[in-house]
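Undergrad: The structure under discussion is supplied below as structure tokens; questions concerning it will follow.
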Number of protein chains: 2
Amino acid sequence: MQGAFKLSAAIQAWGTAVGKKEYEGPLGHLFDLHDPDCKFGQKTWESAESEMQRMALAVAMARMGVSDGQIGALFAGDLQNQCVGSAYGLLSYDIPYLGLYGACSTCAEGLLLSAVTVTSRACSLCAAVTSSHFCAAERQYRSPLEYGSQRPPTAQWTVTGAGAFLVGRPLRTADEVLIVHGMAGKAKDYGINDANNMGAAMAPAARDTLLRFFADTHTAPEDYDRIVTGDLGFEGGDILCQLLLADGLDISSRYEDCGRLIYHKERQDVHSGGSGCGCAASVLAAEILPKISKGEWKRILFMATGAMMSPDSIKQGGNIPAVAHLLELRTALEQREEFL
Amino acid sequence: MQGAFKLSAAIQAWGTAVGKKEYEGPLGHLFDLHDPDCKFGQKTWESAESEMQRMALAVAMARMGVSDGQIGALFAGDLQNQCVGSAYGLLSYDIPYLGLYGACSTCAEGLLLSAVTVTSRACSLCAAVTSSHFCAAERQYRSPLEYGSQRPPTAQWTVTGAGAFLVGRPLRTADEVLIVHGMAGKAKDYGINDANNMGAAMAPAARDTLLRFFADTHTAPEDYDRIVTGDLGFEGGDILCQLLLADGLDISSRYEDCGRLIYHKERQDVHSGGSGCGCAASVLAAEILPKISKGEWKRILFMATGAMMSPDSIKQGGNIPAVAHLLELRTALEQREEFL
């Protein structure tokens with residue numbers, strides 16, 4: 001009843017827009033668009049985030065050569081209160097809009113629901129878009145940048161970036177990336193209430209989803225070229241690997257985390273790595289999907305984790321509920337060989 | 001490409017929990033649970049909202065006789081920042097959790113995505129839950145109740161209430177309510193920026209979804225026993241009817257709005273009617289689904305509208321983007337007759 005979703009979908013195009021720090025990171029040359037002052041021509045950080053979403057989707061649509069009318073549903077969300085980054089950013093598109101809130105898991109949630117929707121044949125092509133902006137997130141979740149607050153070593157750096165994906169029925173092209181399974185995560189409270197240690201709050205959620213997925217699909221870490229999390233960062237990623245070791249699973253040799261990949265750890269002073277909805281989305285699009293598309297990685301698990309507290313809920317004494325949504329992605333090259 | 005979604009799903013059970021004012025309204029006796037002080041045993045209004053969600057889902061699950069493990073996905077959202085009403089309220093359930101943000105359209109969005117998910121056969125049973133709480137919404141969106149702010153005549157009263165629904169593949173029972181079509185709304189900015197006149201912001205979105213649905217399904221208002229909106233209230237409902245009259249469609253004789261139904265207009269001093277995610281959800285569950293289930297209404301359109309601004313986006317000069325998601329609901333009684 002709660003098994004992995006069997007899906008028949010493919011990611012057919014993607015686009016990214018990022019800020020200055022992300023452009024200066026090790027993946028900088030792989031992002032489609034960047035802006036040197038992170039404002040993307042807008043007056044506020046919040047509007048800049050919206051503009052990144054708009055641009056990322058425009059890139060993906062141009063790459064696939066589709067217009068608004070060909071996209072049956074648009075799944076989008078972000079970290080701003082009431083998800084206004086998405087609501088305003090995508091207003092110029094004439095596409096049915098379904099808003100999501102999954103905190104930093106939104107990238108995987110949008111891809112999962114896009115894949116479910118095309119699998120149901122409700123429509124043939126969906127879009128999934130998400131973003132985060134460092135300056136907008138800091139003043140909403142922590143304190144305005146002007147205060148110059150110190151950050152503890154477990155803190156992560158919210159990525160300024162957006163990623164957009166087009167998900168349709170498999171077209172049997174060589175370069176699409178197949179979504180064959182999805183597994184929605186369970187929201188769980190693991191007793192962590194330190195908003196500067198999201199990795200610790202989210203790692204057990206990633207473990208839960210991963211263990212349920214392996215059990216349901218009768219697979220093991222060795223069956224996958226990579227197991228990639230969204231933004232557990234250095235702290236949370238280590239916790240995940242240790243938790244799984246205690247379960248008898250060693251994923252360390254094939255483990256990657258988008259929050260570890262996006263910045264130079266020493267040079268860029270980000271402490272525990274990148275985070276935010278835009279972290280998983282921009283790294284998936286810029287670094288991971290191209291590798292699968294080219295057949296360098298044949299089969300991977302991508303899992304974005306989210307910490308679903310609000311600043312107010314923490315002040316009211318709540319812990320940090322976390323969730324992790326998983327997708328099994330496969331190269332289309334092998335599938336084609338089966339048909340030859 | 002952007003037509004109505006063809007769905008094969010049914011609402012099989014539902015549950016509601018509401019506050020004092022809602023219990024004293026004309027539908028009061030129809031709600032499953034209510035609390036005389038609106039706190040549901042919790043310390044904060046925000047936690048009370050979470051508790052309503054938990055209780056409403058418990059009622060629906062008990063009514064259907066299902067346990068957590070039988071539900072493949074749980075779609076939930078609310079109006080609180082970062083949707084914490086849902087994230088905390090549903091933590092005690094061991095069910096995969098997919099967070100939504102559609103403002104007051106969340107009830108229809110959750111039902112739509114539940115129906116898409118069971119239609120895709122990703123899983124066989126989903127839950128959709130949503131809520132709002134007057135006191136939590138006032139202090140987040142407008143001002144704390146203690147200020148005693150005056151409200152203009154176009155203002156609506158946020159419903160304290162939650163509704164939960166179980167959506168599965170049709171079971172061919174006599175009392176389930178079939179979901180045969182869904183149509184996701186497009187997010188549009190119609191130039192309204194008065195946060196005390198949500199009805200005006202949302203009415204054009206309802207018109208847009210309705211016109212697209214009629215065109216795609218080749219149907220007209222006369223084909224439906226009722227056309228029900230979520231919370232346009234008195235102001236927005238009148239605007240919708242007038243906009244449609246200008247399009248040559250008269251829906252007034254079959255038009256209902258959950259925000260008009262839930263309170264006594266004169267006696268309860270709510271100005272333009274009820275609003276909030278909990279408005280459409282609690283009225284759909286308490287008043288509308290039973291009528292369809294019993295065959296009193298055979299075919300209706302249910303459309304929940306959402307205003308997707310944040311208090312900050314309004315202060316930054318943004319207008320109010322709005323969206324309306326639609327479901328076509330049918331009685332299962334007639335379907336059964338076709339099989340006899």
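Chain identifiers are assigned as A, B, and so on, following the order in which chains appear in the structure tokens; residues are numbered from 1 within each chain, and ligands are numbered from 1 in order of appearance.
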Among segment 45-286 of chain B, which ones does DSSP place in strand (DSSP E or B), written as a PyMOL selection string?

TA: chain B and resi 73-77+96-100+125-132+157-158+161-168+177-183+186+188-189+226-229+255-257+274-275

Undergrad: Tell me, as an NGL selection string, which residues lie within 12 Å of Gly182 of chain B, counting only C-alpha atoms; anything in the same chain fewer than 2 positions away does not count.

TA: (:A and (72-73 or 96 or 117 or 122-123)) or (:B and (2-9 or 108-116 or 119 or 178-180 or 184-185 or 209-210 or 212-214 or 216-217 or 300-304 or 324-329))

Undergrad: Mind dumping the selected residues with C-alpha atoms as a PDB file, in the first residue's frame?

TA:
ATOM      1  CA  GLY A  72      -0.412  20.627 -18.922  1.00  0.00           C
ATOM      2  CA  ALA A  73       0.672  21.402 -15.364  1.00  0.00           C
ATOM      3  CA  PRO A  96      -1.967  25.489 -14.966  1.00  0.00           C
ATOM      4  CA  THR A 117       0.678  13.128 -13.509  1.00  0.00           C
ATOM      5  CA  ALA A 122      -3.980  13.362 -17.211  1.00  0.00           C
ATOM      6  CA  CYS A 123      -1.612  15.315 -19.443  1.00  0.00           C
TER       7      CYS A 123
ATOM      8  CA  GLN B   2      -4.078  21.829 -21.210  1.00  0.00           C
ATOM      9  CA  GLY B   3      -7.467  20.139 -21.198  1.00  0.00           C
ATOM     10  CA  ALA B   4      -9.387  18.786 -18.244  1.00  0.00           C
ATOM     11  CA  PHE B   5      -7.726  15.823 -16.534  1.00  0.00           C
ATOM     12  CA  LYS B   6      -9.739  12.612 -17.013  1.00  0.00           C
ATOM     13  CA  LEU B   7      -9.774  10.925 -13.627  1.00  0.00           C
ATOM     14  CA  SER B   8     -10.880   7.613 -12.248  1.00  0.00           C
ATOM     15  CA  ALA B   9     -11.208   8.209  -8.536  1.00  0.00           C
ATOM     16  CA  ALA B 108      -9.338  21.243  -4.396  1.00  0.00           C
ATOM     17  CA  GLU B 109      -5.617  20.919  -5.141  1.00  0.00           C
ATOM     18  CA  GLY B 110      -5.231  18.067  -2.663  1.00  0.00           C
ATOM     19  CA  LEU B 111      -8.291  16.262  -3.994  1.00  0.00           C
ATOM     20  CA  LEU B 112      -7.114  16.784  -7.577  1.00  0.00           C
ATOM     21  CA  LEU B 113      -3.626  15.405  -6.892  1.00  0.00           C
ATOM     22  CA  SER B 114      -5.054  12.511  -4.861  1.00  0.00           C
ATOM     23  CA  ALA B 115      -7.285  11.648  -7.805  1.00  0.00           C
ATOM     24  CA  VAL B 116      -4.386  11.947 -10.280  1.00  0.00           C
ATOM     25  CA  THR B 119      -5.606   7.240 -11.490  1.00  0.00           C
ATOM     26  CA  LEU B 178     -16.847  10.035  -8.012  1.00  0.00           C
ATOM     27  CA  ILE B 179     -14.172  12.447  -9.251  1.00  0.00           C
ATOM     28  CA  VAL B 180     -14.432  12.221 -13.030  1.00  0.00           C
ATOM     29  CA  ALA B 184      -5.861  22.835 -12.512  1.00  0.00           C
ATOM     30  CA  GLY B 185      -6.132  26.610 -12.538  1.00  0.00           C
ATOM     31  CA  THR B 209     -10.894  27.887 -14.939  1.00  0.00           C
ATOM     32  CA  LEU B 210     -14.643  27.502 -15.460  1.00  0.00           C
ATOM     33  CA  ARG B 212     -11.647  26.577 -19.930  1.00  0.00           C
ATOM     34  CA  PHE B 213     -13.463  23.603 -18.418  1.00  0.00           C
ATOM     35  CA  PHE B 214     -16.739  24.241 -20.267  1.00  0.00           C
ATOM     36  CA  ASP B 216     -12.797  21.536 -23.134  1.00  0.00           C
ATOM     37  CA  THR B 217     -15.643  19.258 -22.009  1.00  0.00           C
ATOM     38  CA  ILE B 300     -21.581  19.252  -9.624  1.00  0.00           C
ATOM     39  CA  LEU B 301     -18.545  21.406 -10.203  1.00  0.00           C
ATOM     40  CA  PHE B 302     -16.513  22.233  -7.112  1.00  0.00           C
ATOM     41  CA  MET B 303     -13.919  24.930  -7.457  1.00  0.00           C
ATOM     42  CA  ALA B 304     -11.681  26.232  -4.660  1.00  0.00           C
ATOM     43  CA  ALA B 324      -8.813  28.259  -8.958  1.00  0.00           C
ATOM     44  CA  HIS B 325      -8.750  24.467  -9.193  1.00  0.00           C
ATOM     45  CA  LEU B 326     -11.864  22.599 -10.318  1.00  0.00           C
ATOM     46  CA  LEU B 327     -13.268  19.106  -9.794  1.00  0.00           C
ATOM     47  CA  GLU B 328     -16.263  17.498 -11.440  1.00  0.00           C
ATOM     48  CA  LEU B 329     -17.992  15.326  -8.842  1.00  0.00           C
TER      49      LEU B 329
END

Undergrad: Could you please write out, as an mmCIF file with C-alpha atoms, in the first residue's frame, every residue of segment 125-184 of chain B that DSSP assigns to helix (DSSP H, G or I)?

TA:
data_model
loop_
_atom_site.group_PDB
_atom_site.id
_atom_site.type_symbol
_atom_site.label_atom_id
_atom_site.label_comp_id
_atom_site.auth_asym_id
_atom_site.auth_seq_id
_atom_site.Cartn_x
_atom_site.Cartn_y
_atom_site.Cartn_z
ATOM 1 C CA PHE B 134 -9.127 32.476 12.369
ATOM 2 C CA CYS B 135 -6.820 33.531 15.209
ATOM 3 C CA ALA B 136 -3.647 32.123 13.604
ATOM 4 C CA ALA B 137 -4.497 33.712 10.250
ATOM 5 C CA GLU B 138 -5.357 37.144 11.680
ATOM 6 C CA ARG B 139 -2.074 37.587 13.493
ATOM 7 C CA GLN B 140 -0.050 36.309 10.552
ATOM 8 C CA TYR B 141 -1.801 38.102 7.690
ATOM 9 C CA LEU B 145 -6.710 40.053 17.544
ATOM 10 C CA GLU B 146 -5.826 42.111 20.625
ATOM 11 C CA TYR B 147 -5.463 45.213 18.418
#

Undergrad: I want to know what sits within 10 Å of Pro290 of chain A, based on only C-alpha atoms, with residues of the same chain fewer than 3 positions away left out; could you give that as a PyMOL selection string?

TA: chain A and resi 14+30+175-177+284-287+293-297+331

Undergrad: Measure the distance from atom CA of Ala48 of chain B to atom CA of Pro311 of chain B in Å and round it to one decimal.

TA: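 That distance, rounded to one decimal, is 22.2 Å.
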
Undergrad: Show which residues sit within 7 Å of Val159 of chain A, as a PDB file with N, CA, C and O atoms, in the first residue's frame. Count only C-alpha atoms, and ignore same-chain residues fewer than 3 positions away.

TA:
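Wrote part_19.pdb, looks like this:
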ATOM      1  N   SER A 132      15.720  28.963  -4.430  1.00  0.00           N
ATOM      2  CA  SER A 132      15.944  29.605  -3.133  1.00  0.00           C
ATOM      3  C   SER A 132      16.887  30.782  -3.371  1.00  0.00           C
ATOM      4  O   SER A 132      17.555  30.851  -4.405  1.00  0.00           O
ATOM      5  N   HIS A 133      16.909  31.712  -2.428  1.00  0.00           N
ATOM      6  CA  HIS A 133      17.794  32.872  -2.551  1.00  0.00           C
ATOM      7  C   HIS A 133      18.379  33.139  -1.175  1.00  0.00           C
ATOM      8  O   HIS A 133      17.644  33.323  -0.202  1.00  0.00           O
ATOM      9  N   PHE A 134      19.707  33.178  -1.091  1.00  0.00           N
ATOM     10  CA  PHE A 134      20.383  33.341   0.196  1.00  0.00           C
ATOM     11  C   PHE A 134      19.872  34.545   0.969  1.00  0.00           C
ATOM     12  O   PHE A 134      19.530  34.448   2.150  1.00  0.00           O
ATOM     13  N   GLY A 274      25.964  23.682   1.013  1.00  0.00           N
ATOM     14  CA  GLY A 274      24.806  24.407   0.503  1.00  0.00           C
ATOM     15  C   GLY A 274      23.503  23.798   0.972  1.00  0.00           C
ATOM     16  O   GLY A 274      23.453  22.653   1.408  1.00  0.00           O
ATOM     17  N   SER A 275      22.424  24.588   0.885  1.00  0.00           N
ATOM     18  CA  SER A 275      21.089  24.091   1.218  1.00  0.00           C
ATOM     19  C   SER A 275      20.068  24.920   0.451  1.00  0.00           C
ATOM     20  O   SER A 275      20.423  25.765  -0.364  1.00  0.00           O
ATOM     21  N   GLY A 276      18.799  24.662   0.716  1.00  0.00           N
ATOM     22  CA  GLY A 276      17.739  25.418   0.045  1.00  0.00           C
ATOM     23  C   GLY A 276      17.190  24.651  -1.140  1.00  0.00           C
ATOM     24  O   GLY A 276      17.857  23.791  -1.708  1.00  0.00           O
ATOM     25  N   GLY A 278      16.829  25.527  -4.073  1.00  0.00           N
ATOM     26  CA  GLY A 278      17.604  25.744  -5.288  1.00  0.00           C
ATOM     27  C   GLY A 278      18.875  24.918  -5.337  1.00  0.00           C
ATOM     28  O   GLY A 278      19.478  24.767  -6.407  1.00  0.00           O
ATOM     29  N   CYS A 279      19.311  24.381  -4.205  1.00  0.00           N
ATOM     30  CA  CYS A 279      20.552  23.596  -4.154  1.00  0.00           C
ATOM     31  C   CYS A 279      20.366  22.284  -4.928  1.00  0.00           C
ATOM     32  O   CYS A 279      21.055  22.030  -5.914  1.00  0.00           O
TER      33      CYS A 279
END

Undergrad: Could you jot down the atom CA of Ile227 of chain B to atom CA of Asp257 of chain B separation for me, Å, one decimal place?

TA: 8.3 Å

Undergrad: List the neighbours of Leu232 of chain A out to 7 Å using only C-alpha atoms; skip same-chain residues closer than 3 positions along the sequence, and give me the result as a PDB file with N, CA and C atoms, in the first residue's frame.

TA:
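Wrote it out as out.pdb, contents follow:
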ATOM      1  N   GLY A 199      20.915  19.583   8.711  1.00  0.00           N
ATOM      2  CA  GLY A 199      21.402  18.282   8.254  1.00  0.00           C
ATOM      3  C   GLY A 199      21.039  17.178   9.236  1.00  0.00           C
ATOM      4  N   MET A 202      17.353  16.343   9.028  1.00  0.00           N
ATOM      5  CA  MET A 202      16.872  15.724   7.790  1.00  0.00           C
ATOM      6  C   MET A 202      17.459  14.338   7.517  1.00  0.00           C
ATOM      7  N   ALA A 203      18.656  14.060   8.061  1.00  0.00           N
ATOM      8  CA  ALA A 203      19.321  12.788   7.751  1.00  0.00           C
ATOM      9  C   ALA A 203      18.465  11.560   8.100  1.00  0.00           C
ATOM     10  N   THR A 229      21.845  12.890  -2.303  1.00  0.00           N
ATOM     11  CA  THR A 229      20.871  13.642  -1.510  1.00  0.00           C
ATOM     12  C   THR A 229      20.919  15.118  -1.897  1.00  0.00           C
ATOM     13  N   GLU A 235      27.611  17.834   7.462  1.00  0.00           N
ATOM     14  CA  GLU A 235      27.141  17.305   8.747  1.00  0.00           C
ATOM     15  C   GLU A 235      26.075  16.228   8.528  1.00  0.00           C
ATOM     16  N   GLY A 236      25.023  16.581   7.829  1.00  0.00           N
ATOM     17  CA  GLY A 236      23.904  15.647   7.648  1.00  0.00           C
ATOM     18  C   GLY A 236      24.281  14.439   6.801  1.00  0.00           C
ATOM     19  N   GLY A 237      25.127  14.656   5.813  1.00  0.00           N
ATOM     20  CA  GLY A 237      25.552  13.545   4.957  1.00  0.00           C
ATOM     21  C   GLY A 237      26.325  12.499   5.745  1.00  0.00           C
ATOM     22  N   ASP A 257      26.204  14.494  -2.302  1.00  0.00           N
ATOM     23  CA  ASP A 257      25.190  15.418  -1.797  1.00  0.00           C
ATOM     24  C   ASP A 257      25.329  16.742  -2.550  1.00  0.00           C
ATOM     25  N   GLY A 259      24.569  19.654  -1.730  1.00  0.00           N
ATOM     26  CA  GLY A 259      25.083  20.706  -0.858  1.00  0.00           C
ATOM     27  C   GLY A 259      26.591  20.647  -0.671  1.00  0.00           C
TER      28      GLY A 259
END

Undergrad: Pick the closest to chain B from A:Phe75, A:Tyr255, A:Tyr101, A:Trp45: which is it, counting only C-alpha atoms?

TA: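 Of A:Phe75, A:Tyr255, A:Tyr101, A:Trp45, the one nearest chain B, counting only C-alpha atoms, is A:Tyr101.
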
Undergrad: Would you mind telling me which residue in B:Ala220, B:Leu211, B:Cys258, B:Ala103 lies nearest to chain A when using only C-alpha atoms?

TA: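 For chain A, the nearest of the candidates is B:Ala103.
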
Undergrad: Do a neighbour search on Cys83 of chain B at 8 Å with only C-alpha atoms, toss out local chain neighbours closer than 2 positions, and write the hits as a VMD selection string.

TA: (chain A and resid 101 308) or (chain B and resid 77 to 81 85 to 87 99 to 101)

Undergrad: Let me see the file: selected residues, N, CA, C and O atoms, as a PDB file, in the first residue's frame.

TA:
ATOM      1  N   TYR A 101       4.596  22.844  -1.125  1.00  0.00           N
ATOM      2  CA  TYR A 101       5.517  23.220  -0.067  1.00  0.00           C
ATOM      3  C   TYR A 101       6.173  21.977   0.519  1.00  0.00           C
ATOM      4  O   TYR A 101       5.520  21.222   1.239  1.00  0.00           O
ATOM      5  N   MET A 308      10.699  21.086   7.617  1.00  0.00           N
ATOM      6  CA  MET A 308       9.448  21.809   7.426  1.00  0.00           C
ATOM      7  C   MET A 308       8.982  22.646   8.612  1.00  0.00           C
ATOM      8  O   MET A 308       7.789  22.809   8.824  1.00  0.00           O
TER       9      MET A 308
ATOM     10  N   GLY B  77      -1.945  20.907   3.214  1.00  0.00           N
ATOM     11  CA  GLY B  77      -1.417  22.263   3.222  1.00  0.00           C
ATOM     12  C   GLY B  77      -2.342  23.168   4.005  1.00  0.00           C
ATOM     13  O   GLY B  77      -3.473  22.798   4.340  1.00  0.00           O
ATOM     14  N   ASP B  78      -1.850  24.359   4.320  1.00  0.00           N
ATOM     15  CA  ASP B  78      -2.650  25.317   5.085  1.00  0.00           C
ATOM     16  C   ASP B  78      -2.095  26.711   4.833  1.00  0.00           C
ATOM     17  O   ASP B  78      -1.268  26.893   3.934  1.00  0.00           O
ATOM     18  N   LEU B  79      -2.529  27.693   5.618  1.00  0.00           N
ATOM     19  CA  LEU B  79      -2.143  29.083   5.382  1.00  0.00           C
ATOM     20  C   LEU B  79      -0.954  29.536   6.212  1.00  0.00           C
ATOM     21  O   LEU B  79      -0.392  30.605   5.960  1.00  0.00           O
ATOM     22  N   GLN B  80      -0.573  28.766   7.218  1.00  0.00           N
ATOM     23  CA  GLN B  80       0.527  29.208   8.076  1.00  0.00           C
ATOM     24  C   GLN B  80       1.846  29.223   7.298  1.00  0.00           C
ATOM     25  O   GLN B  80       2.059  28.418   6.407  1.00  0.00           O
ATOM     26  N   ASN B  81       2.725  30.151   7.676  1.00  0.00           N
ATOM     27  CA  ASN B  81       4.044  30.199   7.039  1.00  0.00           C
ATOM     28  C   ASN B  81       4.672  28.808   7.059  1.00  0.00           C
ATOM     29  O   ASN B  81       4.641  28.118   8.079  1.00  0.00           O
ATOM     30  N   GLY B  85       1.011  24.170   9.927  1.00  0.00           N
ATOM     31  CA  GLY B  85      -0.234  23.599  10.450  1.00  0.00           C
ATOM     32  C   GLY B  85      -0.342  22.135  10.049  1.00  0.00           C
ATOM     33  O   GLY B  85      -0.680  21.272  10.863  1.00  0.00           O
ATOM     34  N   SER B  86      -0.021  21.857   8.801  1.00  0.00           N
ATOM     35  CA  SER B  86      -0.092  20.493   8.283  1.00  0.00           C
ATOM     36  C   SER B  86       1.108  19.663   8.717  1.00  0.00           C
ATOM     37  O   SER B  86       0.967  18.514   9.142  1.00  0.00           O
ATOM     38  N   ALA B  87       2.300  20.237   8.602  1.00  0.00           N
ATOM     39  CA  ALA B  87       3.522  19.464   8.875  1.00  0.00           C
ATOM     40  C   ALA B  87       3.501  18.914  10.300  1.00  0.00           C
ATOM     41  O   ALA B  87       3.821  17.750  10.532  1.00  0.00           O
ATOM     42  N   GLY B  99       3.517  17.973   0.785  1.00  0.00           N
ATOM     43  CA  GLY B  99       3.003  19.274   1.186  1.00  0.00           C
ATOM     44  C   GLY B  99       2.569  20.108  -0.006  1.00  0.00           C
ATOM     45  O   GLY B  99       3.213  20.097  -1.050  1.00  0.00           O
ATOM     46  N   LEU B 100       1.486  20.841   0.173  1.00  0.00           N
ATOM     47  CA  LEU B 100       0.952  21.695  -0.881  1.00  0.00           C
ATOM     48  C   LEU B 100       0.879  23.125  -0.400  1.00  0.00           C
ATOM     49  O   LEU B 100       0.696  23.377   0.783  1.00  0.00           O
ATOM     50  N   TYR B 101       1.010  24.085  -1.322  1.00  0.00           N
ATOM     51  CA  TYR B 101       0.610  25.437  -1.000  1.00  0.00           C
ATOM     52  C   TYR B 101      -0.238  26.004  -2.122  1.00  0.00           C
ATOM     53  O   TYR B 101       0.271  26.323  -3.194  1.00  0.00           O
TER      54      TYR B 101
END

Undergrad: If I take atom CA of Gln156 of chain B and atom CA of Arg299 of chain B, how far is one from the other in Å, to one decimal?

TA: 28.4 Å

Undergrad: Skip Leu240 of chain A itself and residues of its chain fewer than 6 positions away, then list as a PDB file with C-alpha atoms, in the first residue's frame all residues within 8 Å of it, counting only C-alpha atoms.

TA:
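Just written: around.pdb:
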ATOM      1  CA  ALA A 203      19.321  12.788   7.751  1.00  0.00           C
ATOM      2  CA  PRO A 204      16.995  10.349   9.575  1.00  0.00           C
ATOM      3  CA  ALA A 206      16.543  10.308   4.223  1.00  0.00           C
ATOM      4  CA  ARG A 207      17.422   7.047   5.949  1.00  0.00           C
TER       5      ARG A 207
END

Undergrad: Between B:Ile192, B:Leu27, B:Ile292, B:Ile95, which has the minimum distance to chain A (counting only C-alpha atoms)?

TA: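 For chain A, the nearest of the candidates is B:Ile95.
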
Undergrad: Would you please work out which residue, of B:Gln53, B:Gln42, B:Ser120, B:Thr130, is nearest to chain A when using only C-alpha atoms?

TA: B:Ser120
